[in-house]
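One file, my_file-v8.tsv, is given below (TSV, C-alpha atoms).
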```tsv
chain	number	residue	atom	x	y	z
A	24	MET	CA	74.90	-52.34	-21.55
A	25	LYS	CA	72.41	-49.72	-20.39
A	26	ALA	CA	70.23	-50.12	-17.29
A	27	TYR	CA	67.24	-48.05	-16.21
A	28	ARG	CA	65.17	-48.22	-13.03
A	29	LYS	CA	61.86	-46.66	-12.09
A	30	VAL	CA	59.41	-47.29	-9.24
A	31	LEU	CA	55.65	-46.76	-9.50
A	32	THR	CA	53.50	-46.36	-6.39
A	33	PHE	CA	49.90	-47.49	-5.91
A	34	ASN	CA	47.42	-47.13	-3.07
A	35	THR	CA	44.18	-48.80	-4.11
A	36	LYS	CA	40.88	-47.87	-2.48
A	37	THR	CA	39.78	-51.51	-2.49
A	38	ARG	CA	41.47	-54.63	-1.14
A	39	ARG	CA	41.69	-56.10	-4.64
A	40	ALA	CA	42.14	-54.24	-7.92
A	41	PHE	CA	43.57	-54.58	-11.42
A	42	ILE	CA	45.32	-51.50	-12.84
A	43	ASN	CA	46.59	-51.18	-16.42
A	44	ILE	CA	50.20	-49.95	-16.26
A	45	THR	CA	51.21	-50.46	-19.90
A	46	ASN	CA	51.53	-46.74	-20.59
A	47	GLU	CA	53.74	-46.21	-17.54
A	48	VAL	CA	56.08	-49.00	-18.65
A	49	GLU	CA	56.19	-47.62	-22.22
A	50	GLN	CA	57.01	-44.16	-20.84
A	51	ALA	CA	59.85	-45.56	-18.72
A	52	LEU	CA	61.19	-47.28	-21.83
A	53	LYS	CA	61.11	-44.03	-23.79
A	54	ASP	CA	62.89	-42.25	-20.92
A	55	SER	CA	65.58	-44.95	-20.84
A	56	GLY	CA	66.56	-44.62	-24.50
A	57	ILE	CA	67.00	-48.39	-24.71
A	58	GLN	CA	66.35	-49.81	-28.19
A	59	GLU	CA	66.94	-53.56	-27.75
A	60	GLY	CA	66.72	-55.54	-24.51
A	61	PHE	CA	64.38	-56.81	-21.81
A	62	ALA	CA	61.92	-55.08	-19.48
A	63	LEU	CA	61.25	-56.61	-16.06
A	64	VAL	CA	58.17	-55.41	-14.18
A	65	ASN	CA	57.38	-56.75	-10.70
A	66	PRO	CA	55.68	-55.67	-7.49
A	67	MET	CA	58.10	-55.16	-4.60
A	68	HIS	CA	55.48	-56.86	-2.39
A	69	ILE	CA	54.39	-60.45	-1.91
A	70	THR	CA	50.61	-59.94	-2.00
A	71	ALA	CA	50.46	-58.46	-5.50
A	72	SER	CA	51.17	-59.52	-9.09
A	73	VAL	CA	52.24	-58.00	-12.34
A	74	PHE	CA	50.73	-59.92	-15.25
A	75	ILE	CA	49.82	-59.53	-18.91
A	76	ASN	CA	46.29	-60.10	-20.09
A	77	ASP	CA	43.20	-58.39	-21.52
A	78	HIS	CA	41.97	-54.88	-20.73
A	79	GLU	CA	38.39	-56.10	-20.34
A	80	HIS	CA	36.34	-55.48	-17.21
A	81	GLY	CA	34.26	-58.65	-17.44
A	82	LEU	CA	37.40	-60.78	-17.54
A	83	HIS	CA	38.72	-59.03	-14.44
A	84	GLU	CA	35.50	-59.96	-12.63
A	85	ASP	CA	36.06	-63.54	-13.82
A	86	TYR	CA	39.59	-63.49	-12.37
A	87	GLU	CA	38.21	-62.18	-9.09
A	88	ALA	CA	35.61	-64.97	-8.95
A	89	PHE	CA	38.13	-67.64	-9.99
A	90	LEU	CA	40.68	-66.58	-7.37
A	91	GLU	CA	38.08	-66.27	-4.62
A	92	ASN	CA	36.88	-69.76	-5.50
A	93	ILE	CA	40.29	-71.45	-5.19
A	94	ALA	CA	41.72	-69.26	-2.37
A	95	PRO	CA	38.88	-67.42	-0.61
A	96	GLU	CA	39.67	-64.45	1.59
A	97	LYS	CA	37.28	-65.54	4.35
A	98	PRO	CA	37.00	-67.01	6.87
A	99	HIS	CA	40.39	-65.58	7.76
A	100	ASP	CA	41.07	-68.29	10.34
A	101	GLN	CA	41.17	-71.04	7.70
A	102	TYR	CA	44.81	-70.02	7.08
A	103	LYS	CA	47.70	-70.66	9.47
A	104	HIS	CA	49.43	-67.51	8.24
A	105	ASN	CA	46.50	-65.51	9.59
A	106	THR	CA	46.02	-67.33	12.90
A	107	GLY	CA	49.78	-67.39	13.59
A	108	THR	CA	50.68	-63.81	12.74
A	109	PHE	CA	47.46	-61.82	13.33
A	110	GLU	CA	47.50	-60.87	9.64
A	111	ASP	CA	44.48	-61.44	7.40
A	112	ASN	CA	46.12	-61.69	3.99
A	113	ALA	CA	47.09	-65.34	3.48
A	114	ASP	CA	44.65	-65.49	0.57
A	115	ALA	CA	46.48	-62.59	-1.09
A	116	HIS	CA	49.82	-64.45	-0.88
A	117	ILE	CA	48.17	-67.45	-2.59
A	118	LYS	CA	46.35	-65.41	-5.26
A	119	ARG	CA	49.61	-63.68	-6.16
A	120	GLN	CA	51.31	-67.05	-6.76
A	121	VAL	CA	48.51	-68.19	-9.08
A	122	MET	CA	48.60	-64.95	-11.12
A	123	GLY	CA	52.42	-64.78	-11.04
A	124	ARG	CA	54.93	-62.27	-9.68
A	125	GLU	CA	56.56	-60.63	-12.67
A	126	VAL	CA	56.57	-60.20	-16.42
A	127	VAL	CA	59.57	-59.99	-18.72
A	128	VAL	CA	58.82	-58.19	-21.98
A	129	ALA	CA	61.06	-57.94	-25.04
A	130	ILE	CA	62.21	-54.47	-26.11
A	131	THR	CA	62.51	-54.16	-29.91
A	132	GLU	CA	63.35	-50.98	-31.81
A	133	GLY	CA	62.67	-48.86	-28.73
A	134	SER	CA	59.18	-50.24	-28.00
A	135	LEU	CA	57.63	-52.95	-25.83
A	136	ASP	CA	57.34	-55.96	-28.16
A	137	LEU	CA	53.76	-56.89	-27.22
A	138	GLY	CA	51.03	-58.64	-29.19
A	139	THR	CA	47.90	-56.73	-30.21
A	140	TRP	CA	45.92	-57.43	-27.04
A	141	GLU	CA	48.74	-57.78	-24.52
A	142	GLN	CA	48.41	-55.22	-21.72
A	143	ILE	CA	50.44	-55.08	-18.51
A	144	PHE	CA	48.48	-55.05	-15.24
A	145	TYR	CA	49.25	-54.48	-11.61
A	146	GLY	CA	47.17	-56.99	-9.67
A	147	GLU	CA	46.54	-55.93	-6.08
A	148	PHE	CA	45.27	-58.53	-3.60
A	149	ASP	CA	45.87	-56.71	-0.31
A	150	GLY	CA	45.58	-53.00	-0.99
A	151	LYS	CA	44.44	-49.87	0.82
A	152	ARG	CA	48.08	-49.05	1.57
A	153	SER	CA	51.05	-47.70	-0.40
A	154	LYS	CA	52.76	-50.32	-2.53
A	155	ARG	CA	55.53	-50.19	-5.14
A	156	VAL	CA	56.11	-51.68	-8.58
A	157	LEU	CA	59.64	-51.93	-9.96
A	158	ILE	CA	60.40	-51.34	-13.64
A	159	LYS	CA	63.94	-52.41	-14.58
A	160	LEU	CA	65.14	-52.21	-18.16
A	161	ILE	CA	68.42	-53.55	-19.53
A	162	GLY	CA	69.75	-53.45	-23.06
A	163	SER	CA	71.52	-51.26	-25.54
B	13	MET	CA	75.09	-56.50	-26.43
B	14	LYS	CA	73.56	-58.63	-29.20
B	15	ALA	CA	69.81	-59.01	-29.67
B	16	TYR	CA	67.94	-61.49	-31.87
B	17	ARG	CA	64.21	-61.79	-32.61
B	18	LYS	CA	62.18	-64.52	-34.26
B	19	VAL	CA	58.45	-65.19	-34.44
B	20	LEU	CA	56.93	-68.68	-34.72
B	21	THR	CA	53.37	-69.18	-35.98
B	22	PHE	CA	50.90	-71.87	-34.90
B	23	ASN	CA	47.41	-72.77	-36.03
B	24	THR	CA	46.24	-75.75	-34.00
B	25	LYS	CA	43.46	-78.03	-35.25
B	26	THR	CA	42.03	-78.30	-31.75
B	27	ARG	CA	40.96	-75.62	-29.27
B	28	ARG	CA	43.61	-76.78	-26.80
B	29	ALA	CA	47.02	-78.26	-27.57
B	30	PHE	CA	50.56	-78.56	-26.20
B	31	ILE	CA	53.38	-78.30	-28.76
B	32	ASN	CA	57.07	-78.91	-28.01
B	33	ILE	CA	59.03	-75.93	-29.38
B	34	THR	CA	62.43	-76.65	-27.79
B	35	ASN	CA	64.10	-77.38	-31.14
B	36	GLU	CA	62.78	-74.15	-32.67
B	37	VAL	CA	64.18	-72.11	-29.77
B	38	GLU	CA	67.54	-73.93	-29.97
B	39	GLN	CA	67.68	-73.24	-33.72
B	40	ALA	CA	66.96	-69.53	-33.16
B	41	LEU	CA	69.78	-69.47	-30.61
B	42	LYS	CA	72.19	-71.07	-33.09
B	43	ASP	CA	71.13	-68.53	-35.76
B	44	SER	CA	71.73	-65.66	-33.31
B	45	GLY	CA	75.32	-66.55	-32.53
B	46	ILE	CA	74.79	-65.55	-28.89
B	47	GLN	CA	77.00	-67.47	-26.45
B	48	GLU	CA	75.98	-66.04	-23.04
B	49	GLY	CA	72.71	-64.36	-22.16
B	50	PHE	CA	68.97	-64.91	-21.70
B	51	ALA	CA	66.25	-66.29	-23.97
B	52	LEU	CA	62.69	-65.01	-23.53
B	53	VAL	CA	59.90	-67.03	-25.14
B	54	ASN	CA	56.27	-65.87	-24.92
B	55	PRO	CA	53.03	-66.04	-26.87
B	56	MET	CA	51.96	-62.71	-28.35
B	57	HIS	CA	48.41	-63.65	-27.30
B	58	ILE	CA	46.57	-63.70	-24.00
B	59	THR	CA	44.89	-67.10	-24.31
B	60	ALA	CA	48.10	-69.13	-24.64
B	61	SER	CA	51.16	-69.98	-22.54
B	62	VAL	CA	54.77	-70.85	-23.02
B	63	PHE	CA	55.95	-73.14	-20.23
B	64	ILE	CA	58.63	-75.69	-19.43
B	65	ASN	CA	57.73	-79.19	-18.37
B	66	ASP	CA	57.81	-82.84	-19.42
B	67	HIS	CA	57.41	-84.21	-22.96
B	68	GLU	CA	55.00	-86.92	-21.76
B	69	HIS	CA	51.55	-87.35	-23.25
B	70	GLY	CA	49.88	-88.65	-20.09
B	71	LEU	CA	51.00	-85.59	-18.16
B	72	HIS	CA	49.53	-83.34	-20.85
B	73	GLU	CA	46.19	-85.12	-20.38
B	74	ASP	CA	46.56	-84.51	-16.64
B	75	TYR	CA	47.13	-80.79	-17.27
B	76	GLU	CA	44.04	-80.71	-19.49
B	77	ALA	CA	41.93	-82.38	-16.78
B	78	PHE	CA	43.38	-80.18	-14.02
B	79	LEU	CA	42.74	-76.95	-15.94
B	80	GLU	CA	39.24	-77.98	-16.98
B	81	ASN	CA	38.50	-78.77	-13.34
B	82	ILE	CA	39.53	-75.37	-11.98
B	83	ALA	CA	38.44	-73.25	-15.00
B	84	PRO	CA	36.02	-75.24	-17.18
B	85	GLU	CA	35.33	-74.09	-20.72
B	86	LYS	CA	31.58	-74.68	-20.45
B	87	PRO	CA	28.98	-73.48	-19.82
B	88	HIS	CA	30.29	-70.39	-21.59
B	89	ASP	CA	27.81	-68.10	-19.83
B	90	GLN	CA	29.36	-68.74	-16.40
B	91	TYR	CA	31.94	-66.05	-17.32
B	92	LYS	CA	31.23	-62.31	-17.58
B	93	HIS	CA	33.92	-61.98	-20.25
B	94	ASN	CA	31.83	-64.28	-22.45
B	95	THR	CA	28.39	-62.81	-21.74
B	96	GLY	CA	29.67	-59.24	-22.03
B	97	THR	CA	31.74	-59.52	-25.22
B	98	PHE	CA	30.12	-62.41	-27.16
B	99	GLU	CA	33.45	-64.25	-26.94
B	100	ASP	CA	33.66	-67.80	-25.58
B	101	ASN	CA	37.24	-67.92	-24.34
B	102	ALA	CA	37.23	-66.61	-20.76
B	103	ASP	CA	38.39	-70.05	-19.62
B	104	ALA	CA	41.41	-69.76	-21.92
B	105	HIS	CA	42.44	-66.43	-20.35
B	106	ILE	CA	42.29	-68.09	-16.91
B	107	LYS	CA	44.10	-71.28	-17.94
B	108	ARG	CA	46.90	-69.21	-19.44
B	109	GLN	CA	47.42	-67.38	-16.12
B	110	VAL	CA	47.66	-70.65	-14.20
B	111	MET	CA	50.20	-72.14	-16.66
B	112	GLY	CA	52.09	-68.83	-16.99
B	113	ARG	CA	52.82	-66.49	-19.90
B	114	GLU	CA	56.53	-66.76	-20.60
B	115	VAL	CA	59.76	-68.56	-19.85
B	116	VAL	CA	63.21	-67.07	-19.44
B	117	VAL	CA	66.01	-69.56	-20.11
B	118	ALA	CA	69.71	-69.07	-19.49
B	119	ILE	CA	72.05	-69.22	-22.50
B	120	THR	CA	75.42	-70.77	-21.63
B	121	GLU	CA	78.23	-71.52	-24.10
B	122	GLY	CA	75.85	-71.08	-27.03
B	123	SER	CA	73.17	-73.53	-25.80
B	124	LEU	CA	69.93	-73.35	-23.84
B	125	ASP	CA	70.96	-74.11	-20.25
B	126	LEU	CA	68.16	-76.61	-19.52
B	127	GLY	CA	68.01	-79.56	-17.13
B	128	THR	CA	67.76	-83.09	-18.50
B	129	TRP	CA	63.97	-83.22	-18.73
B	130	GLU	CA	63.20	-79.54	-19.29
B	131	GLN	CA	61.37	-79.02	-22.60
B	132	ILE	CA	59.73	-75.80	-23.80
B	133	PHE	CA	56.05	-76.00	-24.77
B	134	TYR	CA	53.55	-73.76	-26.46
B	135	GLY	CA	50.27	-74.21	-24.61
B	136	GLU	CA	47.26	-73.28	-26.72
B	137	PHE	CA	43.93	-72.74	-24.95
B	138	ASP	CA	41.94	-71.04	-27.73
B	139	GLY	CA	43.29	-72.29	-31.03
B	140	LYS	CA	41.99	-73.04	-34.52
B	141	ARG	CA	43.40	-69.69	-35.69
B	142	SER	CA	46.83	-68.28	-36.47
B	143	LYS	CA	48.82	-67.29	-33.38
B	144	ARG	CA	52.37	-66.13	-32.81
B	145	VAL	CA	55.17	-66.94	-30.34
B	146	LEU	CA	58.00	-64.46	-29.82
B	147	ILE	CA	61.57	-65.61	-29.26
B	148	LYS	CA	63.84	-62.78	-28.10
B	149	LEU	CA	67.47	-63.42	-27.23
B	150	ILE	CA	69.90	-60.98	-25.66
B	151	GLY	CA	73.51	-61.47	-24.70
B	152	SER	CA	77.02	-61.49	-26.09
C	1	MET	CA	78.22	-57.83	-21.00
C	2	LYS	CA	79.20	-60.04	-18.07
C	3	ALA	CA	77.64	-63.44	-17.39
C	4	TYR	CA	77.91	-65.60	-14.29
C	5	ARG	CA	76.61	-69.12	-13.62
C	6	LYS	CA	76.27	-71.12	-10.43
C	7	VAL	CA	74.41	-74.33	-9.58
C	8	LEU	CA	73.01	-75.11	-6.12
C	9	THR	CA	72.17	-78.68	-5.12
C	10	PHE	CA	69.39	-79.83	-2.79
C	11	ASN	CA	68.35	-83.20	-1.45
C	12	THR	CA	65.33	-82.73	0.80
C	13	LYS	CA	64.43	-85.27	3.46
C	14	THR	CA	60.74	-84.85	2.70
C	15	ARG	CA	58.81	-85.14	-0.58
C	16	ARG	CA	57.78	-81.49	-0.34
C	17	ALA	CA	59.76	-78.60	1.16
C	18	PHE	CA	60.30	-74.85	0.88
C	19	ILE	CA	63.90	-73.63	1.31
C	20	ASN	CA	64.96	-69.98	1.51
C	21	ILE	CA	67.80	-69.47	-0.99
C	22	THR	CA	68.01	-65.66	-0.91
C	23	ASN	CA	71.43	-65.62	0.74
C	24	GLU	CA	72.85	-68.08	-1.80
C	25	VAL	CA	71.65	-65.90	-4.69
C	26	GLU	CA	73.04	-62.75	-3.03
C	27	GLN	CA	76.39	-64.49	-2.55
C	28	ALA	CA	76.49	-65.53	-6.21
C	29	LEU	CA	75.80	-61.93	-7.17
C	30	LYS	CA	78.66	-60.69	-4.98
C	31	ASP	CA	80.98	-63.31	-6.52
C	32	SER	CA	79.96	-62.21	-10.03
C	33	GLY	CA	80.89	-58.56	-9.56
C	34	ILE	CA	77.83	-57.54	-11.62
C	35	GLN	CA	76.43	-54.13	-10.65
C	36	GLU	CA	73.45	-53.69	-13.00
C	37	GLY	CA	71.49	-56.46	-14.73
C	38	PHE	CA	69.12	-59.38	-14.22
C	39	ALA	CA	69.31	-62.52	-12.11
C	40	LEU	CA	67.51	-65.64	-13.30
C	41	VAL	CA	66.95	-68.43	-10.78
C	42	ASN	CA	65.26	-71.67	-11.81
C	43	PRO	CA	65.21	-75.35	-10.90
C	44	MET	CA	66.76	-77.60	-13.57
C	45	HIS	CA	63.88	-80.01	-12.85
C	46	ILE	CA	60.21	-80.08	-13.74
C	47	THR	CA	58.78	-81.04	-10.36
C	48	ALA	CA	60.14	-78.03	-8.46
C	49	SER	CA	59.70	-74.25	-8.42
C	50	VAL	CA	61.69	-71.17	-7.60
C	51	PHE	CA	59.38	-68.43	-6.33
C	52	ILE	CA	59.42	-65.26	-4.27
C	53	ASN	CA	57.21	-64.90	-1.25
C	54	ASP	CA	57.20	-64.64	2.55
C	55	HIS	CA	59.61	-66.36	4.96
C	56	GLU	CA	56.75	-67.40	7.26
C	57	HIS	CA	56.15	-70.98	8.28
C	58	GLY	CA	52.37	-70.72	8.61
C	59	LEU	CA	52.10	-69.43	5.04
C	60	HIS	CA	54.15	-72.36	3.80
C	61	GLU	CA	51.67	-74.72	5.48
C	62	ASP	CA	48.89	-72.78	3.73
C	63	TYR	CA	50.63	-73.28	0.37
C	64	GLU	CA	50.95	-76.99	1.11
C	65	ALA	CA	47.23	-77.25	1.93
C	66	PHE	CA	46.21	-75.14	-1.07
C	67	LEU	CA	48.29	-77.18	-3.50
C	68	GLU	CA	47.16	-80.50	-2.06
C	69	ASN	CA	43.57	-79.32	-2.41
C	70	ILE	CA	43.80	-78.44	-6.11
C	71	ALA	CA	46.29	-81.16	-7.16
C	72	PRO	CA	46.40	-83.89	-4.50
C	73	GLU	CA	49.30	-86.35	-4.46
C	74	LYS	CA	47.06	-89.37	-3.81
C	75	PRO	CA	45.55	-91.55	-5.05
C	76	HIS	CA	48.44	-91.82	-7.49
C	77	ASP	CA	46.31	-93.58	-10.10
C	78	GLN	CA	44.08	-90.54	-10.63
C	79	TYR	CA	46.80	-89.23	-13.00
C	80	LYS	CA	47.59	-90.66	-16.45
C	81	HIS	CA	51.24	-89.64	-16.04
C	82	ASN	CA	51.44	-92.04	-13.09
C	83	THR	CA	49.49	-94.95	-14.56
C	84	GLY	CA	51.28	-94.67	-17.94
C	85	THR	CA	54.87	-94.30	-16.74
C	86	PHE	CA	54.95	-96.03	-13.33
C	87	GLU	CA	55.95	-92.70	-11.80
C	88	ASP	CA	54.04	-91.23	-8.85
C	89	ASN	CA	54.79	-87.53	-9.27
C	90	ALA	CA	52.12	-86.12	-11.62
C	91	ASP	CA	50.89	-83.94	-8.75
C	92	ALA	CA	54.39	-82.44	-8.44
C	93	HIS	CA	54.43	-81.46	-12.12
C	94	ILE	CA	51.09	-79.68	-11.61
C	95	LYS	CA	52.05	-77.99	-8.33
C	96	ARG	CA	55.20	-76.65	-9.96
C	97	GLN	CA	53.17	-75.02	-12.73
C	98	VAL	CA	50.87	-73.30	-10.23
C	99	MET	CA	53.80	-71.95	-8.19
C	100	GLY	CA	55.85	-71.10	-11.29
C	101	ARG	CA	59.22	-72.24	-12.63
C	102	GLU	CA	61.56	-69.30	-12.31
C	103	VAL	CA	62.10	-65.81	-10.95
C	104	VAL	CA	63.86	-62.92	-12.63
C	105	VAL	CA	65.18	-60.34	-10.18
C	106	ALA	CA	66.63	-56.92	-10.98
C	107	ILE	CA	70.25	-56.27	-9.99
C	108	THR	CA	70.81	-52.64	-8.93
C	109	GLU	CA	74.07	-51.22	-7.57
C	110	GLY	CA	75.43	-54.71	-6.99
C	111	SER	CA	72.48	-56.00	-4.93
C	112	LEU	CA	69.27	-57.95	-5.59
C	113	ASP	CA	66.61	-55.25	-6.01
C	114	LEU	CA	64.00	-56.88	-3.75
C	115	GLY	CA	61.20	-55.36	-1.68
C	116	THR	CA	61.33	-55.53	2.11
C	117	TRP	CA	59.61	-58.89	2.44
C	118	GLU	CA	60.61	-60.52	-0.84
C	119	GLN	CA	62.56	-63.73	-0.24
C	120	ILE	CA	63.57	-66.31	-2.86
C	121	PHE	CA	62.48	-69.90	-2.23
C	122	TYR	CA	63.22	-73.27	-3.73
C	123	GLY	CA	59.93	-75.18	-3.74
C	124	GLU	CA	60.41	-78.93	-3.85
C	125	PHE	CA	57.41	-81.11	-4.77
C	126	ASP	CA	59.17	-84.44	-5.45
C	127	GLY	CA	62.25	-84.56	-3.30
C	128	LYS	CA	64.34	-87.14	-1.45
C	129	ARG	CA	66.84	-87.10	-4.32
C	130	SER	CA	69.55	-84.76	-5.56
C	131	LYS	CA	68.21	-81.80	-7.53
C	132	ARG	CA	69.79	-78.66	-8.95
C	133	VAL	CA	68.93	-74.95	-9.05
C	134	LEU	CA	70.53	-72.72	-11.69
C	135	ILE	CA	71.56	-69.13	-10.92
C	136	LYS	CA	72.42	-67.18	-14.06
C	137	LEU	CA	73.36	-63.50	-13.86
C	138	ILE	CA	73.86	-61.14	-16.78
C	139	GLY	CA	74.74	-57.45	-16.76
C	140	SER	CA	77.64	-55.08	-16.43
```
Re-express the file's structure as structure tokens.
Amino acid sequence: MKAYRKVLTFNTKTRRAFINITNEVEQALKDSGIQEGFALVNPMHITASVFINDHEHGLHEDYEAFLENIAPEKPHDQYKHNTGTFEDNADAHIKRQVMGREVVVAITEGSLDLGTWEQIFYGEFDGKRSKRVLIKLIGS
Amino acid sequence: MKAYRKVLTFNTKTRRAFINITNEVEQALKDSGIQEGFALVNPMHITASVFINDHEHGLHEDYEAFLENIAPEKPHDQYKHNTGTFEDNADAHIKRQVMGREVVVAITEGSLDLGTWEQIFYGEFDGKRSKRVLIKLIGS
Amino acid sequence: MKAYRKVLTFNTKTRRAFINITNEVEQALKDSGIQEGFALVNPMHITASVFINDHEHGLHEDYEAFLENIAPEKPHDQYKHNTGTFEDNADAHIKRQVMGREVVVAITEGSLDLGTWEQIFYGEFDGKRSKRVLIKLIGS
């Protein structure tokens, strides 16, 4: 069994952002030489997500509105995590759970086995600092 | 390492539906001959989910009501994805995120290593057209 | 390819609880001898989650409040699953979907490849009875 590991780094200018990382994952797969297996992609942080959905700006605004509606950032003191630790990112921990932590993607004949519209995104909910995404590939 | 791939196709009569696909995944596993490994099951679309929960009709109605409450289908123009692209399925993209994209199931001694009540479902949120589910198995 | 399987058992005193199981998963990995691969951790039940987030008590209270807000336990008869089956745990089935079923974690150089603050939790939403968590490791 082959294994391959790569770390991507992001530092978003805004607190929340969605970044398409499909090409980076495809490149890592090409570098690995793996033909058949699984790709795992996950943030190494607990206020961010990796998820698969549509590369469409309007939808990303809809996600932002949806997440702010069910887990609003402010007022910060509505969350015990914030009042107890002097952090302000409890909402980001909740948003990440709703959007999910990781994706696992099939590798078939040396490519990511994705449907036509499936694109891999890094979802940042507490940015403006350096954060990492892990790509781990296993297979043969 | 062995790898096995199979695609299922669904065309639901209703916009939203939950379909138990546990037997289809078990059959794919038997066909693969894999004894130990992982099974990945995911829709190849971004308005559908594969998830594991209970084969109980009342619960599925509860999921429908829950999802409609937090991300209602109508009015369609409440979503920028719909007003910007002339689609009407922004709610389906959101519902899919809440229910999750994929499941990974352990393969042990040639069977899906599921608990007593764990059943694998295809969750359709924008149906009435042909859509695919990918089963990818790796192991030995 | 190597495979390793271990089952943990929990019986929480309260209906809902979050339990840090990172050390148990690390120990299973050490016992397995696997150096490179993937770890899958999932409950074998459909009213519980395994998820990765922060070991911080205030945040866990925020999760409890968030989940009760979007899928409240009571009144029990608001859910068809409860009125149709004489169960009272429809809310737990919904909460589990929001928090997710499973995590897949990379194994690198014989350790769980986790970020600084990533900790693995068992999330119980219908406890006070014996329930199992499956750890399945594959790799080389």
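Closest approach to chain B from the set C:Asp77, C:Glu36, C:Glu102, C:Asp88 is made by C:Glu102, with distances taken over only C-alpha atoms.
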- Compile the residues of chain A that lie within 10 Å of chain B, evaluated using all atoms listed in the file, and express the compilation as a PyMOL selection string. chain A and resi 24-25+58-61+74-77+79-86+88-90+92-93+120-123+126-131+136-142+161-163
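Atom CA of A:Arg39 is found 11.0 Å from atom CA of A:Ser72.
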- Note on the structure: atom CA of B:Asp138 sits from atom CA of C:Pro72 at a separation of 26.9 Å
- Within 7 Å of (63.3, -47.3, -26.9), in the coordinates the file gives, what residues turn up when you count only C-alpha atoms, written out as a PyMOL selection string? chain A and resi 52-53+55-58+132-134
Output stretch 74-78 of chain B with all heavy atoms present, as a PDB file, in the frame of the given file.
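Just written: out18.pdb:
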```pdb
ATOM      1  N   ASP B  74      46.792 -84.927 -18.039  1.00  0.00           N
ATOM      2  CA  ASP B  74      46.560 -84.510 -16.640  1.00  0.00           C
ATOM      3  C   ASP B  74      46.425 -82.995 -16.538  1.00  0.00           C
ATOM      4  O   ASP B  74      45.589 -82.495 -15.777  1.00  0.00           O
ATOM      5  CB  ASP B  74      47.699 -84.994 -15.741  1.00  0.00           C
ATOM      6  CG  ASP B  74      47.766 -86.515 -15.625  1.00  0.00           C
ATOM      7  OD1 ASP B  74      46.717 -87.180 -15.754  1.00  0.00           O
ATOM      8  OD2 ASP B  74      48.873 -87.040 -15.416  1.00  0.00           O
ATOM      9  N   TYR B  75      47.263 -82.257 -17.267  1.00  0.00           N
ATOM     10  CA  TYR B  75      47.130 -80.790 -17.270  1.00  0.00           C
ATOM     11  C   TYR B  75      45.762 -80.377 -17.807  1.00  0.00           C
ATOM     12  O   TYR B  75      45.095 -79.509 -17.251  1.00  0.00           O
ATOM     13  CB  TYR B  75      48.235 -80.143 -18.133  1.00  0.00           C
ATOM     14  CG  TYR B  75      49.575 -80.019 -17.441  1.00  0.00           C
ATOM     15  CD1 TYR B  75      50.753 -80.359 -18.105  1.00  0.00           C
ATOM     16  CD2 TYR B  75      49.670 -79.548 -16.139  1.00  0.00           C
ATOM     17  CE1 TYR B  75      51.985 -80.240 -17.484  1.00  0.00           C
ATOM     18  CE2 TYR B  75      50.901 -79.439 -15.515  1.00  0.00           C
ATOM     19  CZ  TYR B  75      52.055 -79.784 -16.186  1.00  0.00           C
ATOM     20  OH  TYR B  75      53.272 -79.668 -15.574  1.00  0.00           O
ATOM     21  N   GLU B  76      45.357 -81.006 -18.911  1.00  0.00           N
ATOM     22  CA  GLU B  76      44.040 -80.710 -19.490  1.00  0.00           C
ATOM     23  C   GLU B  76      42.931 -80.932 -18.453  1.00  0.00           C
ATOM     24  O   GLU B  76      42.067 -80.069 -18.263  1.00  0.00           O
ATOM     25  CB  GLU B  76      43.818 -81.587 -20.733  1.00  0.00           C
ATOM     26  CG  GLU B  76      42.395 -81.752 -21.199  1.00  0.00           C
ATOM     27  CD  GLU B  76      41.782 -80.503 -21.822  1.00  0.00           C
ATOM     28  OE1 GLU B  76      42.524 -79.546 -22.139  1.00  0.00           O
ATOM     29  OE2 GLU B  76      40.541 -80.477 -21.976  1.00  0.00           O
ATOM     30  N   ALA B  77      42.973 -82.074 -17.759  1.00  0.00           N
ATOM     31  CA  ALA B  77      41.930 -82.380 -16.780  1.00  0.00           C
ATOM     32  C   ALA B  77      41.990 -81.408 -15.600  1.00  0.00           C
ATOM     33  O   ALA B  77      40.956 -80.921 -15.110  1.00  0.00           O
ATOM     34  CB  ALA B  77      42.072 -83.822 -16.293  1.00  0.00           C
ATOM     35  N   PHE B  78      43.194 -81.111 -15.135  1.00  0.00           N
ATOM     36  CA  PHE B  78      43.380 -80.180 -14.020  1.00  0.00           C
ATOM     37  C   PHE B  78      42.813 -78.804 -14.363  1.00  0.00           C
ATOM     38  O   PHE B  78      42.070 -78.194 -13.582  1.00  0.00           O
ATOM     39  CB  PHE B  78      44.872 -80.075 -13.685  1.00  0.00           C
ATOM     40  CG  PHE B  78      45.230 -78.930 -12.787  1.00  0.00           C
ATOM     41  CD1 PHE B  78      44.885 -78.932 -11.440  1.00  0.00           C
ATOM     42  CD2 PHE B  78      45.919 -77.827 -13.285  1.00  0.00           C
ATOM     43  CE1 PHE B  78      45.210 -77.858 -10.615  1.00  0.00           C
ATOM     44  CE2 PHE B  78      46.248 -76.759 -12.479  1.00  0.00           C
ATOM     45  CZ  PHE B  78      45.895 -76.767 -11.134  1.00  0.00           C
TER      46      PHE B  78
END
```
